[in-house]
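Trainee: The file below is data_9.csv, CSV, C-alpha atoms:
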chain,number,residue,atom,x,y,z
A,23,THR,CA,0.0,0.0,0.0
A,24,GLU,CA,1.2,3.6,-0.6
A,25,VAL,CA,0.6,4.6,3.0
A,26,PHE,CA,0.2,2.8,6.3
A,27,PRO,CA,-0.3,3.9,9.9
A,28,PRO,CA,0.8,6.1,11.6
A,29,ALA,CA,-0.1,7.8,8.3
A,30,PHE,CA,-3.7,8.0,7.3
A,31,ASN,CA,-5.0,4.7,6.0
A,32,PRO,CA,-7.5,3.4,8.5
A,33,ARG,CA,-9.1,0.9,6.0
A,34,ILE,CA,-5.9,-1.1,5.7
A,35,GLY,CA,-4.9,-0.5,9.4
A,36,TYR,CA,-8.2,-2.1,10.4
A,37,LEU,CA,-7.7,-4.9,7.9
A,38,VAL,CA,-4.3,-5.8,9.2
A,39,LYS,CA,-5.4,-5.5,12.8
A,40,TYR,CA,-8.3,-8.0,12.4
A,41,LEU,CA,-6.8,-10.4,9.9
A,42,PRO,CA,-5.3,-12.6,12.7
A,43,SER,CA,-8.9,-13.3,13.8
A,44,TYR,CA,-9.3,-15.3,10.6
A,45,ASP,CA,-5.8,-17.0,10.9
A,46,TRP,CA,-4.2,-14.7,8.4
A,47,GLN,CA,-1.0,-12.6,8.9
A,48,ALA,CA,0.2,-9.7,6.8
A,49,ASP,CA,3.6,-8.2,6.2
A,50,ILE,CA,3.4,-4.6,4.9
A,51,ILE,CA,5.4,-2.8,2.2
A,52,THR,CA,4.6,0.9,2.1
A,53,GLN,CA,5.9,4.3,1.3
A,54,ASN,CA,8.2,5.9,3.9
A,55,THR,CA,6.0,8.9,4.7
A,56,PHE,CA,5.0,10.4,8.0
A,57,LYS,CA,2.9,13.3,6.8
A,58,ASP,CA,0.3,12.3,9.3
A,59,ASN,CA,1.1,10.8,12.6
A,60,ASN,CA,-2.4,10.3,14.1
A,61,PHE,CA,-2.9,6.6,13.7
A,62,LYS,CA,-0.1,5.2,15.9
A,63,TYR,CA,-2.4,2.7,17.6
A,64,LEU,CA,-2.9,0.9,14.2
A,65,ILE,CA,0.7,0.2,13.6
A,66,GLY,CA,0.5,-3.1,15.4
A,67,ASN,CA,3.3,-5.7,15.6
A,68,ASN,CA,3.4,-6.6,11.9
A,69,LYS,CA,6.6,-6.6,9.9
A,70,ILE,CA,6.6,-3.2,8.1
A,71,ILE,CA,9.1,-2.3,5.3
A,72,ARG,CA,9.0,1.4,4.5
A,73,VAL,CA,10.4,2.4,1.1
A,74,ASP,CA,11.8,5.8,0.1
A,75,VAL,CA,10.4,7.1,-3.2
A,76,THR,CA,10.6,10.3,-5.2
A,77,ASN,CA,8.2,13.0,-3.7
A,78,MET,CA,5.1,13.2,-6.0
A,79,ASP,CA,3.5,16.2,-4.4
A,80,THR,CA,3.0,19.2,-6.6
A,81,PRO,CA,4.6,22.3,-5.1
A,82,ILE,CA,3.0,25.7,-4.8
A,83,GLY,CA,5.4,27.8,-6.9
A,84,TYR,CA,4.4,28.3,-10.6
A,85,ILE,CA,7.8,27.3,-12.1
A,86,GLU,CA,8.2,24.4,-9.6
A,87,LYS,CA,4.7,23.2,-10.4
A,88,ILE,CA,5.4,23.1,-14.1
A,89,TRP,CA,8.7,21.3,-13.6
A,90,ARG,CA,7.1,18.7,-11.3
A,91,LEU,CA,4.2,18.1,-13.7
A,92,ILE,CA,6.5,17.7,-16.7
A,93,ASN,CA,8.6,15.2,-14.8
A,94,ARG,CA,5.8,13.4,-12.9
A,95,LYS,CA,5.5,10.6,-15.5
A,96,ARG,CA,9.2,9.8,-15.1
A,97,HIS,CA,9.1,9.9,-11.3
A,98,PHE,CA,5.9,7.8,-11.3
A,99,ARG,CA,7.3,5.0,-13.4
A,100,ASN,CA,10.7,5.0,-11.5
A,101,ASN,CA,9.0,4.8,-8.1
A,102,LYS,CA,7.9,1.3,-8.6
A,103,LYS,CA,11.5,0.1,-8.7
A,104,PRO,CA,12.3,0.6,-5.0
A,105,PHE,CA,9.1,-1.2,-4.0
A,106,ILE,CA,10.1,-4.2,-6.2
A,107,ARG,CA,13.7,-4.2,-4.8
A,108,ALA,CA,12.4,-4.0,-1.2
A,109,ILE,CA,10.1,-7.0,-1.7
A,110,GLU,CA,12.6,-9.2,-3.5
A,111,SER,CA,15.4,-8.4,-1.0
A,112,SER,CA,13.4,-8.6,2.2
A,113,LEU,CA,10.8,-11.3,1.6
A,114,ILE,CA,10.8,-14.9,0.6
A,115,LYS,CA,8.0,-15.9,-1.9
A,116,GLU,CA,7.4,-19.3,-0.3
A,117,ASP,CA,6.2,-17.5,2.9
A,118,TYR,CA,3.2,-16.0,1.2
A,119,SER,CA,-0.1,-17.2,-0.3
A,120,VAL,CA,-1.3,-14.0,-1.9
A,121,ILE,CA,-0.2,-10.4,-2.8
A,122,PHE,CA,-2.8,-7.9,-1.6
A,123,ILE,CA,-2.4,-4.4,-2.9
A,124,SER,CA,-4.5,-1.5,-1.6
A,125,VAL,CA,-4.1,1.9,-3.4
A,126,SER,CA,-5.9,5.2,-4.1
A,127,TRP,CA,-3.9,7.4,-6.4
A,128,ASN,CA,-0.3,6.3,-6.5
A,129,MET,CA,-0.5,3.5,-9.1
A,130,PHE,CA,3.3,2.9,-9.2
A,131,VAL,CA,2.6,0.8,-6.0
A,132,LEU,CA,0.0,-1.2,-8.0
A,133,GLU,CA,2.4,-1.7,-10.8
A,134,ALA,CA,5.1,-3.0,-8.4
A,135,ALA,CA,2.7,-5.5,-6.8
A,136,TYR,CA,1.6,-6.7,-10.3
A,137,VAL,CA,5.3,-7.3,-11.3
A,138,VAL,CA,6.1,-9.2,-8.2
A,139,ALA,CA,2.9,-11.3,-8.3
A,140,LYS,CA,3.6,-12.3,-11.8
A,141,LYS,CA,7.2,-13.1,-11.1
A,142,TRP,CA,6.4,-15.1,-8.0
A,143,SER,CA,3.3,-16.8,-9.5
A,144,LEU,CA,1.0,-15.6,-6.7
A,145,PRO,CA,-2.6,-14.5,-6.8
A,146,LEU,CA,-3.1,-10.7,-6.9
A,147,ILE,CA,-5.9,-9.1,-5.1
A,148,VAL,CA,-6.4,-5.4,-5.8
A,149,ASP,CA,-8.2,-3.1,-3.4
A,150,LEU,CA,-9.1,0.3,-4.9
A,151,ARG,CA,-10.0,2.8,-2.2
A,152,ASP,CA,-10.5,5.6,-4.7
A,153,ILE,CA,-10.4,5.9,-8.5
A,154,HIS,CA,-10.0,9.1,-10.6
A,155,GLU,CA,-13.3,8.7,-12.3
A,156,GLN,CA,-15.2,9.2,-9.0
A,157,LYS,CA,-14.0,12.8,-9.0
A,158,PRO,CA,-16.0,15.6,-10.6
A,159,SER,CA,-15.2,16.6,-14.2
A,160,MET,CA,-11.6,17.9,-14.5
A,161,ILE,CA,-12.6,20.3,-17.1
A,162,ASN,CA,-11.3,23.8,-16.3
A,163,HIS,CA,-13.4,26.5,-17.9
A,164,SER,CA,-10.8,29.2,-17.5
A,165,ARG,CA,-9.1,30.0,-20.7
A,166,ASN,CA,-5.9,31.7,-19.5
A,167,LEU,CA,-2.7,30.1,-20.6
A,168,ARG,CA,-1.6,28.9,-17.2
A,169,SER,CA,-4.9,27.1,-16.5
A,170,VAL,CA,-4.9,25.5,-20.0
A,171,LEU,CA,-1.3,24.3,-19.5
A,172,PHE,CA,-2.0,22.8,-16.1
A,173,GLN,CA,-5.1,21.1,-17.3
A,174,TYR,CA,-3.3,19.6,-20.3
A,175,LEU,CA,-0.4,18.3,-18.1
A,176,ASP,CA,-2.9,16.9,-15.5
A,177,GLN,CA,-5.1,15.2,-18.1
A,178,THR,CA,-2.2,13.6,-20.0
A,179,PHE,CA,-0.8,12.2,-16.7
A,180,TYR,CA,-4.1,10.9,-15.5
A,181,LYS,CA,-4.9,9.2,-18.8
A,182,MET,CA,-1.6,7.3,-18.5
A,183,VAL,CA,-2.4,6.3,-14.9
A,184,ILE,CA,-5.9,5.1,-15.7
A,185,ARG,CA,-4.6,3.0,-18.7
A,186,LEU,CA,-2.0,1.4,-16.4
A,187,ARG,CA,-4.6,0.7,-13.7
A,188,ASN,CA,-7.1,-0.7,-16.1
A,189,ASN,CA,-4.6,-3.1,-17.6
A,190,ILE,CA,-3.6,-4.5,-14.2
A,191,VAL,CA,-7.2,-4.6,-12.8
A,192,SER,CA,-8.3,-6.6,-15.8
A,193,LYS,CA,-5.6,-9.2,-15.1
A,194,ALA,CA,-6.0,-9.4,-11.3
A,195,ASP,CA,-7.4,-12.5,-9.6
A,196,ALA,CA,-9.9,-10.4,-7.6
A,197,VAL,CA,-10.7,-6.7,-7.2
A,198,ILE,CA,-12.3,-5.0,-4.2
A,199,SER,CA,-13.7,-1.5,-3.8
A,200,VAL,CA,-15.7,0.7,-1.5
A,201,SER,CA,-19.1,1.4,-2.9
A,202,PRO,CA,-21.7,-0.1,-5.3
A,203,TRP,CA,-20.9,2.6,-7.8
A,204,HIS,CA,-17.2,1.6,-7.8
A,205,VAL,CA,-18.0,-2.1,-8.1
A,206,GLY,CA,-20.3,-1.4,-11.1
A,207,TYR,CA,-17.6,0.7,-12.8
A,208,LEU,CA,-14.8,-1.7,-12.2
A,209,SER,CA,-16.9,-4.7,-13.2
A,210,LYS,CA,-16.4,-3.5,-16.8
A,211,LEU,CA,-12.8,-4.5,-16.4
A,212,ASN,CA,-12.9,-7.6,-14.2
A,213,LYS,CA,-15.7,-10.1,-13.5
A,214,ASN,CA,-14.5,-10.8,-10.0
A,215,VAL,CA,-15.2,-7.5,-8.3
A,216,PHE,CA,-16.3,-7.4,-4.7
A,217,LEU,CA,-17.7,-4.8,-2.3
A,218,ILE,CA,-16.2,-4.1,1.1
A,219,TYR,CA,-17.3,-0.8,2.5
A,220,ASN,CA,-15.1,1.4,4.6
A,221,GLY,CA,-15.8,1.0,8.3
A,222,TYR,CA,-14.8,1.8,11.8
A,223,ASP,CA,-13.1,0.1,14.7
A,224,PRO,CA,-15.9,-1.0,17.1
A,225,LYS,CA,-13.5,-1.0,20.0
A,226,LEU,CA,-12.9,2.7,19.4
A,227,PHE,CA,-16.1,4.1,17.9
A,228,PHE,CA,-19.2,3.3,20.0
A,229,PRO,CA,-21.9,5.4,21.6
A,230,GLY,CA,-20.7,7.3,24.7
A,231,ILE,CA,-22.7,8.0,27.8
A,232,PRO,CA,-25.0,11.0,27.1
A,233,VAL,CA,-23.5,14.1,28.7
A,234,ARG,CA,-25.0,17.6,28.7
A,235,THR,CA,-22.4,19.8,26.9
A,236,ASN,CA,-22.3,23.5,27.5
A,237,LYS,CA,-22.2,24.2,23.7
A,238,PHE,CA,-24.2,23.0,20.8
A,239,LEU,CA,-21.5,21.5,18.5
A,240,ILE,CA,-21.7,20.7,14.8
A,241,THR,CA,-18.5,18.7,14.0
A,242,TYR,CA,-16.7,17.9,10.8
A,243,THR,CA,-13.5,15.7,10.7
A,244,GLY,CA,-11.4,15.3,7.6
A,245,ILE,CA,-10.2,17.2,4.6
A,246,VAL,CA,-12.2,19.9,2.8
A,247,ASN,CA,-11.7,20.4,-0.9
A,248,SER,CA,-13.4,22.1,-3.8
A,249,GLU,CA,-17.1,22.9,-3.7
A,250,ASP,CA,-17.9,20.5,-6.5
A,251,GLN,CA,-16.8,17.7,-4.2
A,252,ARG,CA,-17.7,19.0,-0.7
A,253,ASP,CA,-20.1,22.0,-0.6
A,254,PRO,CA,-21.0,23.5,2.8
A,255,GLY,CA,-23.3,26.1,1.1
A,256,LEU,CA,-26.6,24.8,2.4
A,257,LEU,CA,-25.2,24.6,6.0
A,258,PHE,CA,-24.0,28.2,5.8
A,259,GLN,CA,-27.3,29.4,4.4
A,260,ALA,CA,-29.2,27.6,7.1
A,261,VAL,CA,-27.0,28.9,9.9
A,262,LYS,CA,-27.3,32.5,8.5
A,263,LYS,CA,-31.1,32.2,8.7
A,264,LEU,CA,-31.0,30.9,12.3
A,265,ASP,CA,-28.7,33.8,13.1
A,266,GLU,CA,-31.1,36.4,11.5
A,267,GLN,CA,-34.0,34.8,13.6
A,268,ASP,CA,-31.9,35.4,16.8
A,269,MET,CA,-32.3,31.7,17.5
A,270,ILE,CA,-28.6,31.0,18.0
A,271,THR,CA,-25.8,32.8,19.7
A,272,GLU,CA,-22.0,32.7,19.3
A,273,ASP,CA,-21.4,31.6,22.8
A,274,LEU,CA,-23.6,28.5,22.6
A,275,PHE,CA,-23.6,27.5,18.9
A,276,ARG,CA,-20.3,26.4,17.2
A,277,ILE,CA,-19.4,24.6,14.0
A,278,GLN,CA,-16.1,22.7,14.4
A,279,PHE,CA,-13.8,21.8,11.5
A,280,TYR,CA,-11.0,19.4,12.4
A,281,THR,CA,-9.0,19.8,9.2
A,282,PRO,CA,-5.4,20.6,8.2
A,283,LYS,CA,-4.6,24.3,7.6
A,284,LYS,CA,-4.0,23.9,3.9
A,285,PHE,CA,-7.6,22.8,3.3
A,286,ARG,CA,-9.2,25.5,5.3
A,287,LYS,CA,-9.1,27.9,2.4
A,288,TYR,CA,-11.9,26.0,0.8
A,289,ILE,CA,-14.1,27.0,3.7
A,290,GLU,CA,-12.8,30.6,4.1
A,291,GLU,CA,-13.1,31.3,0.3
A,292,ASN,CA,-16.7,30.2,0.2
A,293,LYS,CA,-18.8,33.2,-0.7
A,294,LEU,CA,-21.2,32.5,2.2
A,295,TYR,CA,-18.4,32.1,4.8
A,296,PRO,CA,-18.3,35.8,5.9
A,297,GLY,CA,-21.9,35.6,7.0
A,298,VAL,CA,-21.3,32.7,9.4
A,299,LYS,CA,-17.6,33.2,10.2
A,300,LYS,CA,-18.4,34.1,13.8
A,301,TYR,CA,-19.8,30.6,14.5
A,302,ILE,CA,-16.9,28.6,13.0
A,303,ASP,CA,-13.8,27.2,14.7
A,304,PHE,CA,-10.9,25.4,13.1
A,305,PHE,CA,-8.8,22.8,14.7
A,306,ASP,CA,-5.8,20.6,13.6
A,307,TYR,CA,-6.2,16.9,13.4
A,308,VAL,CA,-6.1,15.2,16.8
A,309,ASP,CA,-4.8,11.7,17.7
A,310,TYR,CA,-7.3,9.2,16.2
A,311,GLN,CA,-8.1,7.8,19.6
A,312,ASP,CA,-9.5,11.2,20.7
A,313,VAL,CA,-11.9,11.4,17.7
A,314,PRO,CA,-14.7,9.3,19.3
A,315,ARG,CA,-14.8,11.7,22.3
A,316,ILE,CA,-15.2,14.7,20.0
A,317,LEU,CA,-17.9,13.0,18.0
A,318,ASN,CA,-19.8,11.9,21.1
A,319,ASP,CA,-19.8,15.5,22.4
A,320,SER,CA,-21.3,16.7,19.2
A,321,ALA,CA,-25.0,17.5,18.7
A,322,ILE,CA,-24.6,16.9,14.9
A,323,CYS,CA,-21.9,15.1,12.9
A,324,LEU,CA,-21.4,16.8,9.5
A,325,VAL,CA,-20.8,15.1,6.1
A,326,LEU,CA,-19.8,17.4,3.2
A,327,THR,CA,-20.5,16.2,-0.3
A,328,ASN,CA,-22.4,17.2,-3.4
A,329,ILE,CA,-24.9,15.8,-5.8
A,330,SER,CA,-23.7,12.6,-7.4
A,331,ASP,CA,-23.7,13.1,-11.2
A,332,LYS,CA,-21.2,13.6,-14.0
A,333,ASP,CA,-20.1,16.9,-12.5
A,334,GLY,CA,-20.1,15.8,-8.9
A,335,PRO,CA,-18.5,13.1,-6.7
A,336,ARG,CA,-19.6,9.5,-7.3
A,337,GLY,CA,-19.8,6.6,-4.8
A,338,VAL,CA,-18.1,8.5,-2.0
A,339,LEU,CA,-18.7,6.7,1.3
A,340,THR,CA,-15.9,8.0,3.5
A,341,THR,CA,-14.5,6.5,6.6
A,342,LYS,CA,-15.7,9.4,8.7
A,343,PHE,CA,-19.3,8.6,7.7
A,344,PHE,CA,-19.0,5.1,9.2
A,345,GLU,CA,-17.3,6.5,12.3
A,346,TYR,CA,-20.4,8.7,12.7
A,347,LEU,CA,-22.5,5.6,12.5
A,348,GLY,CA,-20.3,4.0,15.2
A,349,VAL,CA,-21.0,6.7,17.8
A,350,GLU,CA,-24.6,6.9,16.8
A,351,ARG,CA,-24.8,10.7,16.6
A,352,PRO,CA,-27.2,12.6,14.4
A,353,VAL,CA,-25.8,13.1,10.9
A,354,LEU,CA,-26.3,16.1,8.6
A,355,CYS,CA,-25.2,15.6,5.0
A,356,VAL,CA,-24.9,18.7,2.9
A,357,ARG,CA,-25.4,18.9,0.1
A,358,SER,CA,-27.3,15.5,-0.4
A,359,ASP,CA,-25.6,13.3,-3.0
A,360,GLU,CA,-29.1,12.1,-4.0
A,361,ASP,CA,-27.6,8.7,-4.1
A,362,ILE,CA,-26.2,6.1,-1.7
A,363,LEU,CA,-25.5,8.5,1.2
A,364,GLU,CA,-29.0,9.8,1.1
A,365,ASP,CA,-30.4,6.3,0.9
A,366,THR,CA,-28.3,5.0,3.8
A,367,ILE,CA,-29.1,8.0,6.0
A,368,ARG,CA,-32.8,7.6,5.3
A,369,LYS,CA,-32.9,3.8,5.8
A,370,LEU,CA,-31.0,3.9,9.1
A,371,ASN,CA,-33.0,7.0,10.3
A,372,ILE,CA,-29.8,8.6,11.5
A,373,GLY,CA,-30.3,12.1,10.3
A,374,ILE,CA,-30.9,13.9,7.0
A,375,ALA,CA,-29.2,14.4,3.6
A,376,ALA,CA,-30.3,18.0,2.9
A,377,ARG,CA,-31.4,18.9,-0.6
A,378,THR,CA,-32.6,22.4,0.3
A,379,VAL,CA,-31.7,25.1,2.8
A,380,ASN,CA,-35.0,24.4,4.6
A,381,ASP,CA,-34.0,20.8,5.0
A,382,ALA,CA,-30.8,21.8,6.8
A,383,GLU,CA,-32.4,24.6,8.8
A,384,ASN,CA,-35.3,22.4,10.1
A,385,PHE,CA,-32.9,19.6,11.1
A,386,ILE,CA,-30.6,21.9,13.0
A,387,LYS,CA,-33.6,23.5,14.7
A,388,GLU,CA,-34.9,20.1,15.8
A,389,LYS,CA,-31.5,19.1,17.3
A,390,TRP,CA,-31.1,22.6,18.8
A,391,TYR,CA,-34.4,22.3,20.7
A,392,GLU,CA,-33.5,18.8,21.8
A,393,TRP,CA,-30.2,20.0,23.1
A,394,LYS,CA,-31.7,23.0,25.0
A,395,ASP,CA,-34.3,20.7,26.6
Translate the structure of the given file into structure tokens.
Mentor:
Amino acid sequence: TEVFPPAFNPRIGYLVKYLPSYDWQADIITQNTFKDNNFKYLIGNNKIIRVDVTNMDTPIGYIEKIWRLINRKRHFRNNKKPFIRAIESSLIKEDYSVIFISVSWNMFVLEAAYVVAKKWSLPLIVDLRDIHEQKPSMINHSRNLRSVLFQYLDQTFYKMVIRLRNNIVSKADAVISVSPWHVGYLSKLNKNVFLIYNGYDPKLFFPGIPVRTNKFLITYTGIVNSEDQRDPGLLFQAVKKLDEQDMITEDLFRIQFYTPKKFRKYIEENKLYPGVKKYIDFFDYVDYQDVPRILNDSAICLVLTNISDKDGPRGVLTTKFFEYLGVERPVLCVRSDEDILEDTIRKLNIGIAARTVNDAENFIKEKWYEWKD
């Protein structure tokens, strides 16, 4: 896998943690990165080999960005080599029954797993946590030269990545993904595609003892990105209406975003943000073991998404949503995806996927009155 705890990858952290319950053991080959350090409790006692690769992150500077994008293809293909060397020099093929590769975006890890599985004549199981096609359209409607250049470089690279992924997925012995939409899409490439949802650790995420908090808290945990993927607009409009009705006050009503600083701009640049800024607090990520307490203290747990269509996210059932289910707190999804999230929330009767400002406003009012009582 491209990342493993203590970095963010709870799906595989959980898998490795609970595999021994089924008499399986896993040794891990992963990228040597400690960008996040919040999942220490999921490291476990497994053998972990951490591999140094060329940094694939795109820098901020304009010239540096162009250089990185131009050279990304070369770095991408070269990065499979240290993974292959690490596997062949550190592991013995007779000790293993299967090669399991879990990946989101960095397909050089997938390519390395495929090369070794073929060389060692072992079954290859591919777990795709994300695919590029789930994202909204990458079409950039700006016509300035810089935007056109970045769009061309990005699309050229992603087409290469998708071709490589499709070739390997079509030859894998089995494929796993995270939602019915993903399974349907990938079934065009391989007949043995299975659904395993993201989830939560039941030993960590469970309902807490109800405690009266001194503030009404709406809590979001995770990254925030462009509005076409995660749009807080309906929430901000609903809170603005409640503010104008003098129903809420700054000292009692707070919206908490636990998200890294580099993602906060997507909230702060929202055109509706100034009208509700006084109600919003930002926090850095906390240790993963502290998240259940934060969620249990919340009156509402927030899911940010957008309508699921060709211009919006598709099949997105994030880990945070399942963690909300684990603690059994009310869920507000804005904007409704009008798809699997809305269906799940309705069937489980755990909250609302808001299609309108009134939906969000009425739900918040209901939970506000419950909290006050």
Trainee: Given the choices A:Met182, A:Ile50, A:Gly221, A:Ile123, which gets closest to Phe343 of chain A if the distance is worked out from only C-alpha atoms?
Mentor: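 Closest residue, counting only C-alpha atoms: A:Gly221.
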Trainee: Atom CA of Asp152 of chain A and atom CA of Arg336 of chain A, how far apart in Å?
Mentor: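 Separation between atom CA of Arg336 of chain A and atom CA of Asp152 of chain A: 10.2 Å.
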Trainee: Could you please determine the separation between atom CA of Lys300 of chain A and atom CA of Lys262 of chain A in Å, to one decimal place?
Mentor: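 Going from atom CA of Lys300 of chain A over to atom CA of Lys262 of chain A covers 10.5 Å.
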Trainee: Counting only C-alpha atoms, which of A:Ser143, A:Asn292, A:Asn318, A:Asn380 gets nearest to Ser248 of chain A?
Mentor: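 Result for the nearest residue to Ser248 of chain A: A:Asn292.
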Trainee: Which residues, written as a count of residues only, have at least one atom at most 12 Å from Trp46 of chain A, with all atoms listed in the file counted and residues fewer than 6 positions away on the same chain left out?
Mentor: 8
